[in-house]
Every structure is written in C-alpha cells, then in structure tokens.
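The structure file run-v5.pdb is reproduced below (PDB, C-alpha atoms).
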```pdb
ATOM      1  CA  MET A 241       8.461 -20.753  -5.190
ATOM      2  CA  PRO A 242       7.426 -17.417  -6.695
ATOM      3  CA  SER A 243       7.893 -14.328  -4.557
ATOM      4  CA  VAL A 244       6.186 -10.965  -4.303
ATOM      5  CA  GLY A 245       7.398  -8.722  -7.133
ATOM      6  CA  SER A 246       8.324 -11.653  -9.389
ATOM      7  CA  TRP A 247       7.029 -12.054 -12.915
ATOM      8  CA  ILE A 248       5.402 -15.381 -13.768
ATOM      9  CA  ILE A 249       4.640 -17.168 -17.023
ATOM     10  CA  TYR A 250       1.340 -18.999 -17.621
ATOM     11  CA  LEU A 251       1.597 -22.483 -19.119
ATOM     12  CA  GLU A 252      -1.273 -24.629 -20.349
ATOM     13  CA  PRO A 253      -0.272 -28.310 -19.931
ATOM     14  CA  LYS A 254       0.269 -30.473 -22.995
ATOM     15  CA  LYS A 255      -2.475 -32.816 -21.780
ATOM     16  CA  VAL A 256      -5.047 -30.069 -22.474
ATOM     17  CA  ALA A 257      -6.592 -30.417 -25.938
ATOM     18  CA  ASN A 258      -5.083 -27.858 -28.328
ATOM     19  CA  SER A 259      -2.820 -26.605 -25.552
ATOM     20  CA  ARG A 260      -1.680 -23.015 -25.898
ATOM     21  CA  GLY A 261       1.648 -23.771 -24.257
ATOM     22  CA  TYR A 262       3.096 -20.631 -22.657
ATOM     23  CA  PHE A 263       0.547 -17.904 -23.306
ATOM     24  CA  ALA A 264       0.780 -14.972 -20.869
ATOM     25  CA  ALA A 265       2.815 -13.192 -18.201
ATOM     26  CA  ALA A 266       1.932 -11.272 -15.035
ATOM     27  CA  LYS A 267       3.532  -9.845 -11.907
ATOM     28  CA  ILE A 268       2.804 -11.132  -8.389
ATOM     29  CA  GLU A 269       1.543  -8.442  -6.023
ATOM     30  CA  LYS A 270       0.759 -10.554  -2.961
ATOM     31  CA  ILE A 271       0.793 -14.151  -1.721
ATOM     32  CA  ILE A 272      -1.937 -15.191   0.716
ATOM     33  CA  PRO A 273      -3.053 -18.470   2.365
ATOM     34  CA  ASP A 274      -5.639 -20.400   0.360
ATOM     35  CA  PRO A 275      -8.853 -20.156   2.433
ATOM     36  CA  THR A 276     -10.098 -23.476   1.028
ATOM     37  CA  LYS A 277      -6.975 -25.647   1.375
ATOM     38  CA  ALA A 278      -4.641 -25.948   4.339
ATOM     39  CA  ASP A 279      -0.934 -25.357   3.698
ATOM     40  CA  MET A 280      -1.690 -23.963   0.225
ATOM     41  CA  TYR A 281      -1.245 -20.403  -1.009
ATOM     42  CA  LEU A 282      -2.646 -18.120  -3.692
ATOM     43  CA  ALA A 283      -0.590 -15.669  -5.737
ATOM     44  CA  LEU A 284      -2.518 -12.473  -6.396
ATOM     45  CA  ILE A 285      -1.639 -10.665  -9.608
ATOM     46  CA  GLU A 286      -0.794  -6.970  -9.645
ATOM     47  CA  PRO A 287      -3.663  -5.126 -11.353
ATOM     48  CA  GLY A 288      -2.757  -4.106 -14.872
ATOM     49  CA  SER A 289       0.265  -6.405 -15.121
ATOM     50  CA  TYR A 290      -1.350  -9.392 -16.872
ATOM     51  CA  ILE A 291      -0.620  -9.549 -20.597
ATOM     52  CA  ASP A 292      -1.431 -12.199 -23.196
ATOM     53  CA  PHE A 293       1.367 -13.048 -25.618
ATOM     54  CA  ALA A 294       0.850 -12.163 -29.267
ATOM     55  CA  LYS A 295       1.786 -15.759 -30.115
ATOM     56  CA  ASN A 296       1.360 -18.913 -28.061
ATOM     57  CA  VAL A 297       4.718 -20.503 -27.307
ATOM     58  CA  PRO A 298       4.893 -24.319 -27.559
ATOM     59  CA  PHE A 299       6.463 -26.275 -24.720
ATOM     60  CA  SER A 300       9.073 -27.715 -27.045
ATOM     61  CA  SER A 301      10.335 -27.638 -30.636
ATOM     62  CA  ALA A 302      12.845 -29.521 -32.729
ATOM     63  CA  ASP A 303      15.530 -28.099 -30.422
ATOM     64  CA  GLY A 304      13.862 -29.545 -27.336
ATOM     65  CA  PRO A 305      12.011 -27.766 -24.514
ATOM     66  CA  ILE A 306      12.206 -23.976 -24.489
ATOM     67  CA  GLU A 307      12.818 -24.211 -20.713
ATOM     68  CA  LYS A 308      16.414 -25.404 -20.736
ATOM     69  CA  GLY A 309      16.322 -25.537 -16.945
ATOM     70  CA  LEU A 310      14.092 -28.616 -17.169
ATOM     71  CA  LEU A 311      16.897 -30.739 -18.625
ATOM     72  CA  ASN A 312      19.049 -32.898 -16.381
ATOM     73  CA  ALA A 313      22.732 -33.637 -16.865
ATOM     74  CA  ALA A 314      21.864 -36.323 -19.414
ATOM     75  CA  GLY A 315      19.828 -33.867 -21.493
ATOM     76  CA  ALA A 316      16.489 -35.485 -20.629
ATOM     77  CA  LEU A 317      13.472 -33.901 -18.954
ATOM     78  CA  SER A 318      13.809 -33.885 -15.188
ATOM     79  CA  GLY A 319      11.032 -34.361 -12.646
ATOM     80  CA  ARG A 320      10.702 -30.568 -12.406
ATOM     81  CA  ALA A 321       8.801 -30.645 -15.702
ATOM     82  CA  GLN A 322       5.840 -32.151 -13.871
ATOM     83  CA  ALA A 323       5.669 -29.433 -11.208
ATOM     84  CA  ALA A 324       2.633 -27.150 -11.367
ATOM     85  CA  VAL A 325       4.733 -24.229 -10.100
ATOM     86  CA  ARG A 326       8.462 -24.066 -10.709
ATOM     87  CA  PRO A 327      11.169 -21.397 -10.806
ATOM     88  CA  LEU A 328      12.388 -20.024 -14.130
ATOM     89  CA  SER A 329      15.942 -18.950 -14.789
ATOM     90  CA  GLY A 330      16.480 -15.483 -16.238
ATOM     91  CA  PRO A 331      17.471 -16.836 -19.675
ATOM     92  CA  ASP A 332      14.459 -19.186 -19.799
ATOM     93  CA  PHE A 333      12.115 -16.351 -18.806
ATOM     94  CA  ALA A 334      13.553 -14.088 -21.517
ATOM     95  CA  ARG A 335      13.474 -16.857 -24.137
ATOM     96  CA  ILE A 336       9.778 -17.597 -23.530
ATOM     97  CA  VAL A 337       8.721 -13.946 -23.516
ATOM     98  CA  GLU A 338      10.690 -13.154 -26.669
ATOM     99  CA  ALA A 339       9.087 -16.147 -28.422
ATOM    100  CA  GLY A 340       5.652 -14.790 -27.535
ATOM    101  CA  LEU A 341       6.309 -11.315 -28.952
ATOM    102  CA  PRO A 342       5.503 -10.122 -32.484
ATOM    103  CA  ASN A 343       8.242 -10.463 -35.073
ATOM    104  CA  ASP A 344       8.773  -6.706 -35.493
ATOM    105  CA  ASP A 345      12.472  -5.878 -35.405
ATOM    106  CA  ASP A 346      11.726  -2.634 -33.593
ATOM    107  CA  PHE A 347       9.415  -4.131 -30.997
ATOM    108  CA  LEU A 348      11.996  -4.651 -28.252
ATOM    109  CA  PRO A 349      13.039  -1.379 -26.597
ATOM    110  CA  ARG A 350      16.368   0.265 -27.421
ATOM    111  CA  VAL A 351      18.874   0.465 -24.586
ATOM    112  CA  ASP A 352      18.580   4.267 -24.631
ATOM    113  CA  GLU A 353      14.771   4.288 -24.721
ATOM    114  CA  ALA A 354      13.230   6.774 -22.283
ATOM    115  CA  SER A 355      11.167   5.348 -19.445
ATOM    116  CA  ASP A 356       7.383   5.336 -19.862
ATOM    117  CA  GLU A 357       5.516   7.115 -17.077
ATOM    118  CA  ASN A 358       2.345   5.128 -17.776
ATOM    119  CA  ARG A 359       3.751   1.693 -17.155
ATOM    120  CA  VAL A 360       3.334  -0.993 -14.519
ATOM    121  CA  LYS A 361       5.710  -0.445 -11.611
ATOM    122  CA  ASP A 362       8.608  -2.893 -11.665
ATOM    123  CA  GLU A 363      10.834  -1.943  -8.747
ATOM    124  CA  GLN A 364      11.227  -5.600  -7.786
ATOM    125  CA  ALA A 365      11.715  -7.037 -11.288
ATOM    126  CA  PRO A 366      13.789 -10.165 -10.566
ATOM    127  CA  PHE A 367      16.079 -10.548 -13.566
ATOM    128  CA  GLU A 368      18.366  -7.545 -13.962
ATOM    129  CA  VAL A 369      20.134  -9.200 -16.883
ATOM    130  CA  ASP A 370      16.799  -9.266 -18.718
ATOM    131  CA  ARG A 371      15.776  -5.674 -18.015
ATOM    132  CA  PRO A 372      14.848  -5.027 -21.708
ATOM    133  CA  ILE A 373      12.334  -7.894 -21.477
ATOM    134  CA  ILE A 374      10.833  -6.466 -18.277
ATOM    135  CA  GLN A 375      10.655  -3.044 -19.953
ATOM    136  CA  THR A 376       8.729  -4.628 -22.791
ATOM    137  CA  LEU A 377       6.216  -6.124 -20.365
ATOM    138  CA  VAL A 378       5.644  -2.869 -18.475
ATOM    139  CA  SER A 379       5.797  -0.238 -21.223
ATOM    140  CA  ARG A 380       2.304   1.004 -22.101
ATOM    141  CA  LYS A 381       3.266   1.462 -25.745
ATOM    142  CA  LYS A 382       4.646  -2.055 -26.019
ATOM    143  CA  ARG A 383       1.690  -3.545 -24.118
ATOM    144  CA  ASP A 384      -0.729  -1.846 -26.517
ATOM    145  CA  GLN A 385       1.134  -3.388 -29.450
ATOM    146  CA  LEU A 386       1.159  -6.799 -27.812
ATOM    147  CA  PHE A 387      -2.537  -6.571 -26.899
ATOM    148  CA  ARG A 388      -3.446  -5.575 -30.456
ATOM    149  CA  ARG A 389      -1.552  -8.491 -31.992
ATOM    150  CA  ALA A 390      -3.045 -11.012 -29.574
ATOM    151  CA  VAL A 391      -6.645  -9.816 -30.024
ATOM    152  CA  LEU A 392      -6.460  -9.500 -33.813
ATOM    153  CA  ALA A 393      -4.925 -12.963 -34.071
ATOM    154  CA  ALA A 394      -7.707 -14.435 -31.894
ATOM    155  CA  TYR A 395     -10.372 -12.772 -34.086
ATOM    156  CA  ASP A 396      -8.559 -13.484 -37.361
ATOM    157  CA  ASN A 397      -8.563  -9.743 -38.182
ATOM    158  CA  GLN A 398     -12.367  -9.714 -38.376
ATOM    159  CA  CYS A 399     -14.599  -7.109 -36.727
ATOM    160  CA  ALA A 400     -16.771  -8.826 -34.125
ATOM    161  CA  VAL A 401     -19.700  -6.464 -34.768
ATOM    162  CA  THR A 402     -19.743  -5.880 -38.527
ATOM    163  CA  GLY A 403     -18.027  -9.055 -39.707
ATOM    164  CA  TRP A 404     -15.800  -6.965 -41.954
ATOM    165  CA  LYS A 405     -12.279  -8.198 -42.614
ATOM    166  CA  LEU A 406     -10.557  -5.379 -44.456
ATOM    167  CA  LEU A 407      -6.849  -5.083 -45.221
ATOM    168  CA  ASN A 408      -5.091  -2.036 -46.615
ATOM    169  CA  GLY A 409      -2.623  -2.098 -49.481
ATOM    170  CA  GLY A 410       0.196  -3.003 -47.142
ATOM    171  CA  GLY A 411      -1.693  -5.953 -45.702
ATOM    172  CA  ARG A 412      -2.448  -4.203 -42.402
ATOM    173  CA  ALA A 413      -5.845  -4.996 -40.910
ATOM    174  CA  GLU A 414      -8.341  -2.121 -40.664
ATOM    175  CA  VAL A 415      -9.768  -3.660 -37.515
ATOM    176  CA  GLN A 416      -8.673  -2.353 -34.091
ATOM    177  CA  ALA A 417      -8.223  -4.001 -30.687
ATOM    178  CA  ALA A 418     -10.668  -2.571 -28.139
ATOM    179  CA  HIS A 419     -10.555  -3.077 -24.379
ATOM    180  CA  ILE A 420     -13.994  -3.992 -23.007
ATOM    181  CA  ARG A 421     -13.068  -2.604 -19.601
ATOM    182  CA  PRO A 422     -10.547   0.180 -20.339
ATOM    183  CA  VAL A 423      -7.064   0.207 -18.858
ATOM    184  CA  GLU A 424      -7.852   3.483 -17.054
ATOM    185  CA  HIS A 425     -10.641   1.597 -15.269
ATOM    186  CA  ASN A 426      -8.314  -1.270 -14.253
ATOM    187  CA  GLY A 427      -9.062  -3.420 -17.272
ATOM    188  CA  PRO A 428      -6.323  -6.000 -18.031
ATOM    189  CA  ASP A 429      -4.526  -6.522 -21.333
ATOM    190  CA  SER A 430      -6.185  -9.905 -21.723
ATOM    191  CA  ILE A 431      -7.789 -11.364 -24.838
ATOM    192  CA  GLN A 432     -10.873 -12.009 -22.684
ATOM    193  CA  ASN A 433     -11.041  -8.253 -22.101
ATOM    194  CA  GLY A 434     -10.679  -7.499 -25.795
ATOM    195  CA  LEU A 435     -12.719  -7.231 -28.966
ATOM    196  CA  ALA A 436     -11.612  -6.793 -32.562
ATOM    197  CA  LEU A 437     -13.671  -3.893 -33.904
ATOM    198  CA  SER A 438     -13.707  -1.713 -37.008
ATOM    199  CA  GLY A 439     -13.070   1.976 -36.400
ATOM    200  CA  THR A 440     -16.758   2.923 -36.373
ATOM    201  CA  ALA A 441     -17.784   0.002 -34.164
ATOM    202  CA  HIS A 442     -14.885   0.770 -31.799
ATOM    203  CA  TRP A 443     -16.006   4.400 -31.502
ATOM    204  CA  MET A 444     -19.589   3.337 -30.745
ATOM    205  CA  PHE A 445     -18.502   0.687 -28.237
ATOM    206  CA  ASP A 446     -16.225   3.059 -26.324
ATOM    207  CA  ARG A 447     -19.050   5.578 -26.038
ATOM    208  CA  GLY A 448     -21.577   3.030 -24.898
ATOM    209  CA  LEU A 449     -23.754   3.232 -27.995
ATOM    210  CA  ILE A 450     -23.444  -0.526 -28.411
ATOM    211  CA  SER A 451     -22.529  -3.336 -26.026
ATOM    212  CA  LEU A 452     -22.718  -7.117 -25.748
ATOM    213  CA  ALA A 453     -24.926  -9.373 -23.683
ATOM    214  CA  ASP A 454     -23.298 -12.337 -21.952
ATOM    215  CA  ASP A 455     -24.422 -14.552 -24.847
ATOM    216  CA  HIS A 456     -22.718 -12.049 -27.221
ATOM    217  CA  GLU A 457     -25.935 -10.591 -28.611
ATOM    218  CA  ILE A 458     -25.178  -7.070 -29.837
ATOM    219  CA  VAL A 459     -27.149  -4.581 -27.753
ATOM    220  CA  ILE A 460     -27.908  -1.075 -29.071
ATOM    221  CA  SER A 461     -28.243   1.644 -26.450
ATOM    222  CA  ARG A 462     -31.355   3.757 -26.126
ATOM    223  CA  LYS A 463     -29.036   6.755 -26.485
ATOM    224  CA  VAL A 464     -28.631   6.024 -30.207
ATOM    225  CA  ASN A 465     -30.638   8.551 -32.243
ATOM    226  CA  ASP A 466     -30.354   6.646 -35.539
ATOM    227  CA  ARG A 467     -30.915   3.036 -34.612
ATOM    228  CA  GLN A 468     -31.570   1.966 -38.195
ATOM    229  CA  SER A 469     -28.113   3.075 -39.319
ATOM    230  CA  VAL A 470     -26.454   1.187 -36.468
ATOM    231  CA  GLU A 471     -28.467  -1.937 -37.230
ATOM    232  CA  ALA A 472     -27.359  -1.674 -40.861
ATOM    233  CA  ILE A 473     -23.690  -2.291 -39.996
ATOM    234  CA  VAL A 474     -24.315  -5.127 -37.528
ATOM    235  CA  ASN A 475     -23.576  -8.548 -39.025
ATOM    236  CA  ASN A 476     -26.664 -10.546 -40.001
ATOM    237  CA  THR A 477     -26.459 -12.908 -37.001
ATOM    238  CA  GLY A 478     -27.087 -10.068 -34.561
ATOM    239  CA  ARG A 479     -24.361 -11.494 -32.332
ATOM    240  CA  ALA A 480     -20.704 -10.667 -31.971
ATOM    241  CA  LEU A 481     -18.449 -12.950 -33.985
ATOM    242  CA  VAL A 482     -16.114 -14.190 -31.249
ATOM    243  CA  PRO A 483     -13.341 -16.834 -31.201
ATOM    244  CA  GLU A 484     -14.390 -20.466 -30.827
ATOM    245  CA  ARG A 485     -11.888 -21.083 -28.047
ATOM    246  CA  LEU A 486     -13.460 -20.462 -24.637
ATOM    247  CA  ALA A 487     -10.266 -18.904 -23.248
ATOM    248  CA  SER A 488     -10.388 -16.238 -25.975
ATOM    249  CA  LYS A 489     -14.069 -15.305 -25.745
ATOM    250  CA  PRO A 490     -15.107 -12.046 -24.023
ATOM    251  CA  HIS A 491     -15.445 -12.708 -20.294
ATOM    252  CA  PRO A 492     -18.927 -12.040 -18.825
ATOM    253  CA  ALA A 493     -17.397 -10.012 -15.966
ATOM    254  CA  PHE A 494     -15.959  -7.482 -18.403
ATOM    255  CA  LEU A 495     -19.126  -7.386 -20.510
ATOM    256  CA  ASN A 496     -21.189  -6.783 -17.381
ATOM    257  CA  TRP A 497     -18.876  -3.941 -16.359
ATOM    258  CA  HIS A 498     -19.269  -2.306 -19.779
ATOM    259  CA  ARG A 499     -23.076  -2.504 -19.687
ATOM    260  CA  GLU A 500     -23.276  -1.181 -16.134
ATOM    261  CA  TYR A 501     -20.812   1.638 -16.738
ATOM    262  CA  HIS A 502     -22.747   2.821 -19.793
ATOM    263  CA  HIS A 503     -26.198   2.102 -18.269
ATOM    264  CA  ILE A 504     -27.186  -0.330 -21.017
ATOM    265  CA  GLU A 505     -30.004  -2.759 -20.322
ATOM    266  CA  VAL A 506     -30.135  -6.175 -21.974
TER
END
```
Can you dump the structure from the file as structure tokens?
Amino acid sequence: MPSVGSWIIYLEPKKVANSRGYFAAAKIEKIIPDPTKADMYLALIEPGSYIDFAKNVPFSSADGPIEKGLLNAAGALSGRAQAAVRPLSGPDFARIVEAGLPNDDDFLPRVDEASDENRVKDEQAPFEVDRPIIQTLVSRKKRDQLFRRAVLAAYDNQCAVTGWKLLNGGGRAEVQAAHIRPVEHNGPDSIQNGLALSGTAHWMFDRGLISLADDHEIVISRKVNDRQSVEAIVNNTGRALVPERLASKPHPAFLNWHREYHHIEV
C-alpha cells in the first residue's frame, strides 16, 4: 500500500480505449478514510506535486512489461498485474518515469546540480537510489520543461486561440505552454490546467484580456481597449482549438478560476 510521502504513478488500464498507459506522477500528502465506502481509503495528493509525463508510457513493449516486478519466477505476469493499487520497486519507478521524460540528453539533473529552492518538498522521497529521478520530479525548471512538452504534444504545437502552428528554423515550436491556473496560485502541472498559446495570446491570457468559457468559447474581456484587433487574431471558429481526448481538454474548474480571478463574465 502507498504511504504518506511516497510518489505514485498513474496508470490507465489497457481495457480503456486508446489507453495512455502510465501517464503521470504525484506525491501522497495524506491518506484518509473514504467517506462513501467502509474499509476503503483515499490518497490525497500534495498540492503542486502532480505532473503529466511528456510521453505516455505503454504497459509493455517487445521486451515485456516495463514493470519487471509484475513477472513471476516463470517470467509470466503474476496476479499483481490485476491489482488497482500495487507497490513499485525503485528500479521500476525510475524506469517508468525516465520513459515518460523528453529525449533531451541534458534533461536529467547532473549529480552536482544545485538544489532548486522553488521545488516541491521531498523529505520523504522513498527511493534513495533513484534520487536523480525524484529531483527531476520536484525541480521547478525540470517540471516547466516537462509541462511544456506534454501540453505542446497534446495540442500538436498549435495555438489554441489563433490556430497558428509556427516552427522556427530549428524546428522549435513558437507556441508556449500556459498554465490556466498559475503555479503561484496552486495550479498543477497538468495538461488539463494547460493551454498551448502563441506569445501574444499567452500574454493576453495571463493578464486576463482573454479567457475561455466552459464550452471553450474565447471570451474577450471588457478591459480590452482594441477589441477589433484581438478579434482579428482569434481563429475563425471563435472557440479554442483543444485536444479531442477528454483527459487532455482544459478542465472547467481551472477555466472558472481564471474567469473569476480576472473578473471576466461569460
């Protein structure tokens, strides 16, 4: 069973259509009794610890399951593979997280890398042997990189507001990953709390000049003094171009927070 201070990995079962496999990690802050089911418990996630992987990690490949701890002595899947919640060994945890990271050679921290003051606290990180992996999950710089890759991949490098999909000479996307509810306001590094936006659209969104309704209609604030110019860069549907997958769409709770914080009426 997971314990307070442990990191967990999210897995979408293979029986789910277009399963994402292993797709995110988070740290447990508290475990409480489930108020709706006797003898059941809920694991509450530490605010700010949740992070979507840049790449979904399949349950298995040509080399077999990525969780080697699921294999029995005969090399076949054991009954543990059917458990909704199961322990992960340190090597399995590290293998899954590494598979979900971008391919940048310099993404993983160096052993002499200075600690980041603006990171999630990890005093109880469970796998000392995998400390570089834990550092990757808690470093603000690394989390920003991971969040950017995950959001841009979900939006196929296309700005949700303008519809522009621009790449520079080096193949780098012009679009940026924006938090709907900012990290400094306890917003998670989740795709559902993210939007892919061009630089101008990102600037306007962060300042509350534009927002989104729950149905993704693009809303222009009354504070805008040149509405016509803003309307000119909005894509011709008038709605944000969001991923088709429900689990990647902007969550209404975050959109509502953004509208309320910036006093934008729908």
Range 482-498 of chain A surroundings by only C-alpha atoms, 8 Å radius, close-in-sequence under 6 positions cut, as a short mmCIF file (atom, residue, chain, number, x, y, z; two decimals) with C-alpha atoms, in the frame of the given file:
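Everything below was put into out_25.cif:
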```cif
data_model
loop_
_atom_site.label_atom_id
_atom_site.label_comp_id
_atom_site.auth_asym_id
_atom_site.auth_seq_id
_atom_site.Cartn_x
_atom_site.Cartn_y
_atom_site.Cartn_z
CA ALA A 394 -7.71 -14.44 -31.89
CA TYR A 395 -10.37 -12.77 -34.09
CA ALA A 400 -16.77 -8.83 -34.12
CA ILE A 420 -13.99 -3.99 -23.01
CA ARG A 421 -13.07 -2.60 -19.60
CA ILE A 431 -7.79 -11.36 -24.84
CA GLN A 432 -10.87 -12.01 -22.68
CA ASN A 433 -11.04 -8.25 -22.10
CA GLY A 434 -10.68 -7.50 -25.80
CA LEU A 435 -12.72 -7.23 -28.97
CA GLY A 448 -21.58 3.03 -24.90
CA SER A 451 -22.53 -3.34 -26.03
CA LEU A 452 -22.72 -7.12 -25.75
CA ALA A 453 -24.93 -9.37 -23.68
CA ASP A 454 -23.30 -12.34 -21.95
#
```
### Task
Any chance you could resolve the PyMOL selection byres ((chain A and resi 275-285) around 12) against this file and give the residues as an NGL selection string?
:A and (241-250 or 265-274 or 286-291 or 325 or 360 or 428)
Extract, using all atoms listed in the file, all DNA, RNA and protein residues at most 10 Å from Arg479 in chain A, discarding same-chain residues fewer than 2 positions from it, and format them as a JSON list (two decimals) with C-alpha atoms, keeping the file's coordinate frame.
```
[["chain", "number", "residue", "atom", "x", "y", "z"],
["A", 400, "ALA", "CA", -16.77, -8.83, -34.12],
["A", 401, "VAL", "CA", -19.70, -6.46, -34.77],
["A", 402, "THR", "CA", -19.74, -5.88, -38.53],
["A", 452, "LEU", "CA", -22.72, -7.12, -25.75],
["A", 453, "ALA", "CA", -24.93, -9.37, -23.68],
["A", 455, "ASP", "CA", -24.42, -14.55, -24.85],
["A", 456, "HIS", "CA", -22.72, -12.05, -27.22],
["A", 457, "GLU", "CA", -25.94, -10.59, -28.61],
["A", 458, "ILE", "CA", -25.18, -7.07, -29.84],
["A", 459, "VAL", "CA", -27.15, -4.58, -27.75],
["A", 474, "VAL", "CA", -24.32, -5.13, -37.53],
["A", 475, "ASN", "CA", -23.58, -8.55, -39.02],
["A", 476, "ASN", "CA", -26.66, -10.55, -40.00],
["A", 477, "THR", "CA", -26.46, -12.91, -37.00],
["A", 481, "LEU", "CA", -18.45, -12.95, -33.98],
["A", 482, "VAL", "CA", -16.11, -14.19, -31.25]]
```
- Item | Result set of the PyMOL selection byres ((chain A and resi 504) around 9) on the coordinates above, as a list in words | Gly448, Leu449, Ile450, Ser451, Val459, Ile460, Ser461, Arg462, His498, Arg499, Glu500, Tyr501, His502, His503, Glu505 and Val506 of chain A
Discussion item. What's the separation between CA of Asn296 in chain A and CA of Val337 in chain A, in Å to one decimal place?
Written reply: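 Value for the CA of Asn296 in chain A-CA of Val337 in chain A distance: 10.0 Å.
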In Å and to one decimal, CA of Ala441 in chain A is distant from CA of His425 in chain A by 20.3 Å
Let me know the centre plus edge lengths, in Å and rounded to one decimal, of a box with edges along x, y and z that contains all listed atoms of range 325-344 of chain A and is padded by 5 Å on every side, as JSON.
```
{"center_x": 11.1, "center_y": -15.5, "center_z": -22.8, "size_x": 22.7, "size_y": 27.5, "size_z": 35.4}
```
Who sits within 7 Å of Asn397 in chain A, all atoms listed in the file, same chain under 4 positions skipped, as a PDB file with C-alpha atoms, in the frame of the given file:
```
ATOM      1  CA  LEU A 392      -6.460  -9.500 -33.813  1.00  0.00           C
ATOM      2  CA  ALA A 393      -4.925 -12.963 -34.071  1.00  0.00           C
ATOM      3  CA  LYS A 405     -12.279  -8.198 -42.614  1.00  0.00           C
ATOM      4  CA  ALA A 413      -5.845  -4.996 -40.910  1.00  0.00           C
ATOM      5  CA  VAL A 415      -9.768  -3.660 -37.515  1.00  0.00           C
TER       6      VAL A 415
END
```
CA of Val464 in chain A sits from CA of Gly478 in chain A at a separation of 16.7 Å
Could you write range 265-277 of chain A as a short mmCIF file (atom, residue, chain, number, x, y, z; two decimals), keeping the file's coordinate frame, with N, CA and C atoms rebuilt where they are missing?
```cif
data_model
loop_
_atom_site.label_atom_id
_atom_site.label_comp_id
_atom_site.auth_asym_id
_atom_site.auth_seq_id
_atom_site.Cartn_x
_atom_site.Cartn_y
_atom_site.Cartn_z
N ALA A 265 1.92 -13.52 -19.31
CA ALA A 265 2.82 -13.19 -18.20
C ALA A 265 2.10 -12.22 -17.27
N ALA A 266 2.52 -12.20 -16.02
CA ALA A 266 1.93 -11.27 -15.04
C ALA A 266 2.89 -11.15 -13.87
N LYS A 267 2.68 -10.12 -13.06
CA LYS A 267 3.53 -9.85 -11.91
C LYS A 267 2.78 -10.13 -10.61
N ILE A 268 3.43 -10.79 -9.67
CA ILE A 268 2.80 -11.13 -8.39
C ILE A 268 2.82 -9.92 -7.45
N GLU A 269 1.66 -9.55 -6.96
CA GLU A 269 1.54 -8.44 -6.02
C GLU A 269 1.53 -8.91 -4.57
N LYS A 270 0.93 -10.08 -4.34
CA LYS A 270 0.76 -10.55 -2.96
C LYS A 270 0.57 -12.07 -2.97
N ILE A 271 1.02 -12.71 -1.90
CA ILE A 271 0.79 -14.15 -1.72
C ILE A 271 0.06 -14.33 -0.40
N ILE A 272 -1.10 -15.02 -0.47
CA ILE A 272 -1.94 -15.19 0.72
C ILE A 272 -2.28 -16.67 0.91
N PRO A 273 -2.63 -17.08 2.13
CA PRO A 273 -3.05 -18.47 2.37
C PRO A 273 -4.34 -18.76 1.58
N ASP A 274 -4.42 -19.96 1.05
CA ASP A 274 -5.64 -20.40 0.36
C ASP A 274 -6.71 -20.69 1.41
N PRO A 275 -7.83 -19.95 1.41
CA PRO A 275 -8.85 -20.16 2.43
C PRO A 275 -9.56 -21.50 2.33
N THR A 276 -9.39 -22.21 1.22
CA THR A 276 -10.10 -23.48 1.03
C THR A 276 -9.21 -24.71 1.23
N LYS A 277 -7.87 -24.51 1.25
CA LYS A 277 -6.98 -25.65 1.38
C LYS A 277 -5.84 -25.32 2.35
#
```
